[in-house]
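Novice: The following block contains the structure, expressed as structure tokens.
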Amino acid sequence: MSDPVSTPALRKLRFHVLRHDPRDATSVPHFQTYEIEEAAGMTLFIALNEIREQIDSSLAFDFVCRAGICGSCGMVINGRPGLACRTLTQDLPADITLAPLPAFELIADLSVNTGKWMRGMSERLETWVHSLQGDPDLRRLEERMDPDLADRIYELDRCVECGCCVAACGTARMREDFVGAVGLNKIARFSLDPRDKRTDNDFYELVGNDDGVFGCMTLLGCQDVCPKDLPLQTQIAFLRRKMARTGLG
Amino acid sequence: MNTVFHVTDRSVPLSAKARSRWPARLDLLQSGTGLALGLFMWGHMFFVATILLGKDAMWAVARFFEGYFFFGRSLYWLVSLIVAIVFALFITHAALALRKFPASYRQYRTYRDHMAGMKHEDTTLWYWQVVTGFALFFMASVHLYIMMTRPERIGPFGSADRMWSDLMWPLYLIMLFAVEFHGGIGLYRLALKWGWFERGDPDATRRKLRAFKWAITAFFLVLGVATLVAYVKIGIEHAPFYGQPYEPAWVTGGHQP
Amino acid sequence: MKVIYTDVLVIGGGLAGLRVAIGARRRGHDAIVLSLVPPKRSHSAAAQGGMQASLGNVIKGQGDNEDVHFEDTVRGSDWGADQQVVRMFVNTAPKAVRELAAWGVPWSRVRQGDRDVIINGQKVTITERNEAHGLVAQRDFGGTKKWRTCYVSDGTGHAMLFAVGDQAIASGIPVHERKEAVALIHDGSRCYGAVVRDLVTGELTAYVAKATAIATGGAGRIYRVTTNAVICEGIGAAIALETGVAALGNMEAVQFHPTGIFPAGILVTEGCRGDGGLLRDANGHRFMPDYEPEKKELASRDVVSRRMEEHIRKGNGAKSRFGEHLWLDITLLGRKHIEHNLREVKEICQYFLGIDPAEKWIAVRPAQHYTMGGIRTFHTGQSRTLKGLFAAGEAACWDMHGFNRLGGNSVAETVVAGMIVGEFIADFCESPEGELDIPMALVREAMQAERAKLDALLNGHGPEQADRIKIEMQQIMTDKVGIFRTGADLEEAVDRLQKLLVRSRNIGLRYKVDGPNPELVTAYRTQKMLKVALCVATGALARTESRGAHFREDYPQRDDSVWLKRTLATWKDPSDTLPSLAYEQLDVMSMELPPGWRGYGAKNYVDHPDTPNRASALASLREKMQGADRHAVQAAVMPYEHLLPERFRGRNERIDEKLP
Ligand SMILES: Cc1cc2nc3c(=O)[nH]c(=O)nc-3n(C[C@H](O)[C@H](O)[C@H](O)COP(=O)(O)OP(=O)(O)OC[C@H]3O[C@@H](n4cnc5c(N)ncnc54)[C@H](O)[C@@H]3O)c2cc1C
Ligand code: HEM
């Protein structure tokens, strides 16, 4: 077997990081440049931590799982939203521009409040299974589900709410109240789930308007940046057809 | 809606304030008018391009729409009617599409910055769709108004005179590009928006649609420019006889003024 | 002084914390959840493999039940677990899966008919029963007799956390994000809430509550190489420790996962081996059967990890610039299987190693993975020494894992504990004990004390740098308190950690702002983490035996005659540099499963004097009850059902065990 850690030419990397602390009245948004030596297998997680440990202990950013699973580290990397922890520097030019995800409240530097946005979205779209009874008798066999259907629901359930789709969406950037691909995907997910007893009419109440599915202008930024490769384009189109039909009916 | 759902041990009715059905209708209408206009423009392009086959061909097409071959004479109001319908579609479409325009300079700036950063084709294309749509708003209005009010002047010489002697060709040239880009992008987006032709592999569909869109745009631009050149050429030759309509040889018995 | 009042303060928004809050909420108590990060980003999301519950739906799980799950868990724990708690757990786990199914978790389901699986490196066709079609499916996991691990493709933790998180939102439970509990408010016998720092503004707030529950997850980051998220720093355990009253149990019991990708430590799931993946050495040789002929790659984690390190020591490791490692080979599972069932693994390989695991082997080496120890509690989740303080999930030690937890038992524990502890917290709030007489002076004092500590850091000019100290601590833990432990290494570790602790009281910050200041956060957390690390190291040094994940090369025997007891660490005085250790004896005479050989790993132990007595007592009891229903026998051997909250009692239905 070959060495699994590839050996790219090691370069000097220049990180241009957008710095700003909105709570500090004297702070003005500006780019600050940090130079570090590239290492084999270096990800932005490693690089940013190195900058923080060795150059600037005040640099704010968010990482949690650092394994591409939790969705905490969305940021704009050379213009495009992506998960920093699983972006290898070897795939980027030597000049790397990092900015916080737009469309979300800025906390400081690269850290943004996606949590608040997502909670608001969840409350607004009621992103949970709506059942008609309380809990079932937990001692009994669980309700059956077609294995393929379970897989299909999971496909859409894989969203990690990282916010990349919102940041990559021209519509969401212009119109703050747009629910974004993340919200529309949730509705698609719950409308697929037979355990959720809401009808198409109920879903129309939630997304049948220009802040919902009809607001989507099919720019497909979401589809192209989604770190989980969710079928957003297909799902939004599906939802649009369904909601249009519901709206006419 | 008064279904009651259960959350843990509470029961909560779904927020029940029956929404308006209009957003769905307007969305469909926007797409529908866009589709109709887009398809009309393809047809329109073929009709006017008949000039490349000769003046007779174009003359026949023009007469056809005037009902000449059905009624034995030209009913110009028929053309006015068709144009009026298109005009109505156009105004409806524009009014609906206007909702999607950046609503303020701030939104416009945001979009531009976003677009510059993303370097993402579909995002950039939308910007051009808005710009071209906006341009069409004025140019196509002028064009449609003239067509509606002066239908009798549509013909190999009439149209050529308007191009050259009435100095409409610069407008038409810009409008050609605007329409082809706008309509091409619009139809492409329409297909993605409603999930047409997906067949299991949306990525492949999108790639194909995009290639197809560029091919169509290129085709119509070539055809359009050739057509425009043809009219301009006729317009230059015909300038001294400005105003005289074209009569095919088989109508005039070979006599040409 | 800003004070927020609530009935139940839940510190931690992972699976355990959220489920506790929902439990309290549905009983009508207000709950507030605190979390360092948006709750759905908690580390529970990272659990890929699955959740154990003895549903026995798949054919390879047929015959599974609570008894088998119980035995696997106790054996896995190397008899360190509290067997009554294990019983409570195994009986509630199926209910937890079913509750989650109702809440929308898209569990992978059984498909009737034939399918090909890889068992033992061999392709085998198994046939699923028609009557199981559409029920929740199980897969194989290490250390289990039956296929018992329920899963959602390879995103089990994620799907669970999102379902539970959404239920919390549905229940209107506020989650205060980016808030860190930095101290508990208590008077030495009762806990009244916590002092909480806002990680955005730096502001301190007192959260005062009838009951306070710590569900802050593991402490993996006291190690340099760990599969844990960067927020798993054991702060919850530390603030309990800092009360001087609450105890941490069995902190030396630290699990190492066999397959952390090398060198980053990111986990590839046990599901890889469960589904048939193999471990190979530098020569491509599959070495596990040489050491563990029966269970091979699927022996319990502590055993596999140790065998791997042993094999590397023998000179069989593959060499790379970062050190030595072994290979995990899943190429034999086929691309389809990998892309469908192990997609997360594929992504990790692709993004972090730049390889395609359907074609290439994955470089792996054991990495710190799980904290078996934690805040010592009763079976109710309440601290045994500090009233009103509860703990659940990885942060707790109600002790169902003992010295080693089985894969898949942990996310199961989080929800099960959430269910059970949530009920007991509600009971507590409704009892006279739960009534709250808020001693405002105490609250003010606690706030002032924390303010003073932070100000000391912010204004201090000490020479020490926080991140340097932290890295040094992590390196010591990985090098000296790792998989193989010796007295000499551990002594050195304790000594050096103590010095670091003293140095950490002299940290000076380069960046002195009290808002979003990562350096400040590192500084005060490092001080706390060092205490937790010292509990691990001193506990390990004192325990002169090997049990479960705790392996002493100088004492390779499990010694039940001396060490069948739980370590309890407390931090008596803030100026101490060492924890105080005490022990809690386990009672063999009340065990359902007396200590013996685990069925894998070395057969090397000294019996407790009571063991033969208990064994024969049980044998005669069982003989007397021959032919009786298994539940009746169990109840005679070790009654536990009375310990469960009423709501979660009762048998579990299975295809082969219908309920009337
Ligand atoms: C990579 C990986 C894979 C795993 N796979 C499996 C598996 O397949 N099966 C299995 O059973 N187990 C698995 N585990 C173990 C399991 O995921 C965890 O043990 C379990 O999810 C812990 O859940 P928890 O709710 O106790 O804590 P967590 O999910 O870690 O949540 C802790 C919460 O506490 C908050 N918090 C922490 N400190 C503070 C503080 N001071 N103030 C306020 N809030 C705080 C955090 O923000 C977070 O919300 C895996 C673990 C890892 C690392
Ligand atoms: C000949 C004239 C026109 C043709 C053939 C045409 C065609 C189309 C088509 C096919 C679409 C896609 C429909 C959809 O997305 O629902 C579209 C969209 C659009 N059109 Fe037009 N259009 C014309 C004129 C105009 C005018 C005059 C304007 C401007 C006022 C305009 C602005 C827009 C905009 C902004 C969109 C995008 C809407 C969205 O993204 O949702 N169009 N057009």
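Going through the structure tokens in order, the chains are called A, B, and so on, while each chain numbers its residues from 1 and the ligands are numbered from 1 in the order shown.
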Using only C-alpha atoms and all ligand atoms, determine which residues fall within 6 Å of ligand 1, then list them as JSON, numbers by chain.

Specialist: {"C": [11, 12, 13, 14, 15, 16, 17, 34, 35, 36, 37, 39, 42, 43, 44, 46, 47, 48, 49, 50, 51, 179, 180, 181, 182, 215, 216, 217, 218, 227, 228, 235, 236, 267, 369, 393, 394, 395, 407, 408, 409, 410, 411, 412, 414]}

Novice: Using only C-alpha atoms and a distance of at most 7 Å, pull out the residues of chain A that contact chain B, as a VMD selection string.

Specialist: chain A and resid 79 to 80 130 to 134 170 173 to 174 205 208 to 210 214 218 to 221 234 237 to 238 240 to 241 244 247 to 248

Novice: Could you pull out the residues sitting within 6 Å of ligand 2, using only C-alpha atoms and all ligand atoms, and write them as a PyMOL selection string?

Specialist: (chain A and resi 217) or (chain B and resi 30-31+34-35+37-38+41+90+94+97-98+100-101+130+133-134+136-137+179+183+186-187+189-190)

Novice: Would you put the residues from that selection into a file with C-alpha atoms, as a short mmCIF file (atom, residue, chain, number, x, y, z; two decimals), in the first residue's frame?

Specialist:
```cif
data_model
loop_
_atom_site.label_atom_id
_atom_site.label_comp_id
_atom_site.auth_asym_id
_atom_site.auth_seq_id
_atom_site.Cartn_x
_atom_site.Cartn_y
_atom_site.Cartn_z
CA MET A 217 -35.40 31.64 -7.85
CA GLN B 30 -44.96 34.02 -13.90
CA SER B 31 -43.60 30.77 -15.19
CA GLY B 34 -42.34 33.29 -19.27
CA LEU B 35 -42.77 29.98 -21.03
CA LEU B 37 -43.11 34.34 -24.26
CA GLY B 38 -40.02 32.20 -24.55
CA MET B 41 -39.80 34.21 -29.26
CA PHE B 90 -45.36 40.58 -21.59
CA ALA B 94 -42.82 41.80 -16.33
CA ALA B 97 -41.02 39.26 -12.42
CA LEU B 98 -40.64 42.70 -10.97
CA LYS B 100 -38.09 39.31 -7.83
CA PHE B 101 -36.02 42.37 -8.65
CA VAL B 130 -32.62 40.66 -14.51
CA GLY B 133 -35.34 41.72 -18.53
CA PHE B 134 -35.07 45.27 -17.36
CA LEU B 136 -36.52 44.49 -22.49
CA PHE B 137 -39.03 46.31 -20.42
CA VAL B 179 -34.14 38.50 -25.63
CA GLY B 183 -35.34 33.82 -22.80
CA GLY B 186 -35.39 31.78 -18.46
CA LEU B 187 -36.37 28.55 -20.16
CA ARG B 189 -34.28 27.99 -15.22
CA LEU B 190 -37.89 27.08 -15.79
#
```

Novice: Determine, counting only C-alpha atoms, which protein, DNA and RNA residues have an atom within 12 Å of an atom of Gly54 (chain B); residues of the same chain fewer than 4 positions away are not included. Present the result as a list in words.

Specialist: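 The contact residues come out as Val48, Ala49, Thr50, Met58, Trp59, Ala60, Val61, Gly155, Pro156, Phe157, Thr227, Ala230, Tyr231, Ile234, Tyr246, Pro248 and Ala249 of chain B.
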
Novice: Emit the selected residues as a PDB file, in the first residue's frame, including N, CA and C atoms.

Specialist:
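Once written, result.pdb looks like this:
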```pdb
ATOM      1  N   VAL B  48     -39.348  35.770 -38.585  1.00  0.00           N
ATOM      2  CA  VAL B  48     -38.650  36.914 -39.183  1.00  0.00           C
ATOM      3  C   VAL B  48     -37.443  36.457 -40.007  1.00  0.00           C
ATOM      4  N   ALA B  49     -36.891  35.283 -39.592  1.00  0.00           N
ATOM      5  CA  ALA B  49     -35.696  34.821 -40.307  1.00  0.00           C
ATOM      6  C   ALA B  49     -36.038  34.304 -41.699  1.00  0.00           C
ATOM      7  N   THR B  50     -37.324  34.188 -41.991  1.00  0.00           N
ATOM      8  CA  THR B  50     -37.682  33.708 -43.334  1.00  0.00           C
ATOM      9  C   THR B  50     -37.157  34.657 -44.404  1.00  0.00           C
ATOM     10  N   MET B  58     -40.760  35.723 -46.631  1.00  0.00           N
ATOM     11  CA  MET B  58     -41.100  36.590 -45.511  1.00  0.00           C
ATOM     12  C   MET B  58     -42.456  37.247 -45.753  1.00  0.00           C
ATOM     13  N   TRP B  59     -42.665  37.662 -46.951  1.00  0.00           N
ATOM     14  CA  TRP B  59     -43.935  38.316 -47.326  1.00  0.00           C
ATOM     15  C   TRP B  59     -45.103  37.367 -47.029  1.00  0.00           C
ATOM     16  N   ALA B  60     -44.907  36.095 -47.412  1.00  0.00           N
ATOM     17  CA  ALA B  60     -45.962  35.103 -47.215  1.00  0.00           C
ATOM     18  C   ALA B  60     -46.270  34.921 -45.734  1.00  0.00           C
ATOM     19  N   VAL B  61     -45.210  34.880 -44.935  1.00  0.00           N
ATOM     20  CA  VAL B  61     -45.419  34.707 -43.499  1.00  0.00           C
ATOM     21  C   VAL B  61     -46.208  35.882 -42.944  1.00  0.00           C
ATOM     22  N   GLY B 155     -43.435  43.644 -43.325  1.00  0.00           N
ATOM     23  CA  GLY B 155     -43.192  43.019 -44.621  1.00  0.00           C
ATOM     24  C   GLY B 155     -41.740  43.196 -44.988  1.00  0.00           C
ATOM     25  N   PRO B 156     -41.287  42.584 -46.060  1.00  0.00           N
ATOM     26  CA  PRO B 156     -39.870  42.624 -46.440  1.00  0.00           C
ATOM     27  C   PRO B 156     -39.352  44.058 -46.558  1.00  0.00           C
ATOM     28  N   PHE B 157     -40.096  44.937 -47.162  1.00  0.00           N
ATOM     29  CA  PHE B 157     -39.611  46.322 -47.302  1.00  0.00           C
ATOM     30  C   PHE B 157     -39.969  47.149 -46.099  1.00  0.00           C
ATOM     31  N   THR B 227     -30.273  37.582 -39.825  1.00  0.00           N
ATOM     32  CA  THR B 227     -31.549  38.160 -40.229  1.00  0.00           C
ATOM     33  C   THR B 227     -31.486  39.687 -40.222  1.00  0.00           C
ATOM     34  N   ALA B 230     -29.584  40.914 -43.030  1.00  0.00           N
ATOM     35  CA  ALA B 230     -30.363  40.803 -44.268  1.00  0.00           C
ATOM     36  C   ALA B 230     -31.324  41.996 -44.392  1.00  0.00           C
ATOM     37  N   TYR B 231     -32.026  42.298 -43.292  1.00  0.00           N
ATOM     38  CA  TYR B 231     -32.965  43.432 -43.347  1.00  0.00           C
ATOM     39  C   TYR B 231     -32.246  44.745 -43.578  1.00  0.00           C
ATOM     40  N   ILE B 234     -31.335  45.060 -47.161  1.00  0.00           N
ATOM     41  CA  ILE B 234     -32.499  45.439 -47.962  1.00  0.00           C
ATOM     42  C   ILE B 234     -32.867  46.886 -47.684  1.00  0.00           C
ATOM     43  N   TYR B 246     -43.691  45.765 -50.264  1.00  0.00           N
ATOM     44  CA  TYR B 246     -43.203  44.721 -51.158  1.00  0.00           C
ATOM     45  C   TYR B 246     -44.386  43.992 -51.779  1.00  0.00           C
ATOM     46  N   PRO B 248     -44.820  40.507 -54.093  1.00  0.00           N
ATOM     47  CA  PRO B 248     -44.092  39.401 -54.717  1.00  0.00           C
ATOM     48  C   PRO B 248     -44.331  39.370 -56.217  1.00  0.00           C
ATOM     49  N   ALA B 249     -43.368  38.807 -56.939  1.00  0.00           N
ATOM     50  CA  ALA B 249     -43.429  38.771 -58.395  1.00  0.00           C
ATOM     51  C   ALA B 249     -44.688  38.094 -58.883  1.00  0.00           C
TER      52      ALA B 249
END
```

Novice: Please find the residues of chain A near chain C - the criterion being any atom within 6 Å, counting only C-alpha atoms - and write them as a PyMOL selection string.

Specialist: chain A and resi 57-58+64-65+70+86+115+128-129+138-142+144-147+150+154

Novice: May I have the residues within 9 Å of Gly388 (chain C) as a PyMOL selection string, using only C-alpha atoms and disregarding those fewer than 3 positions away in the same chain?

Specialist: chain C and resi 189-193+209-213+382-383+425+428-429+433-434

Novice: Can you pull out the residues contacting Gly158 (chain B)? Cut-off 12 Å, using only C-alpha atoms, and skip same-chain residues under 4 positions away; I want them as a PyMOL selection string.

Specialist: chain B and resi 55+58-59+62+147+150-154+162-166+231-232+234-235+238-239+241-247

Novice: Using only C-alpha atoms, which chain C residues lie at most 9 Å away from chain B, written as a VMD selection string?

Specialist: chain C and resid 22 to 23 25 to 27 167 170 to 171

Novice: Considering only C-alpha atoms, can you say which of A:Thr171, A:Val28, A:Arg189, A:Val166 comes closest to Cys222 (chain A)?

Specialist: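 Nearest candidate to Cys222 (chain A) out of A:Thr171, A:Val28, A:Arg189, A:Val166: A:Val166.
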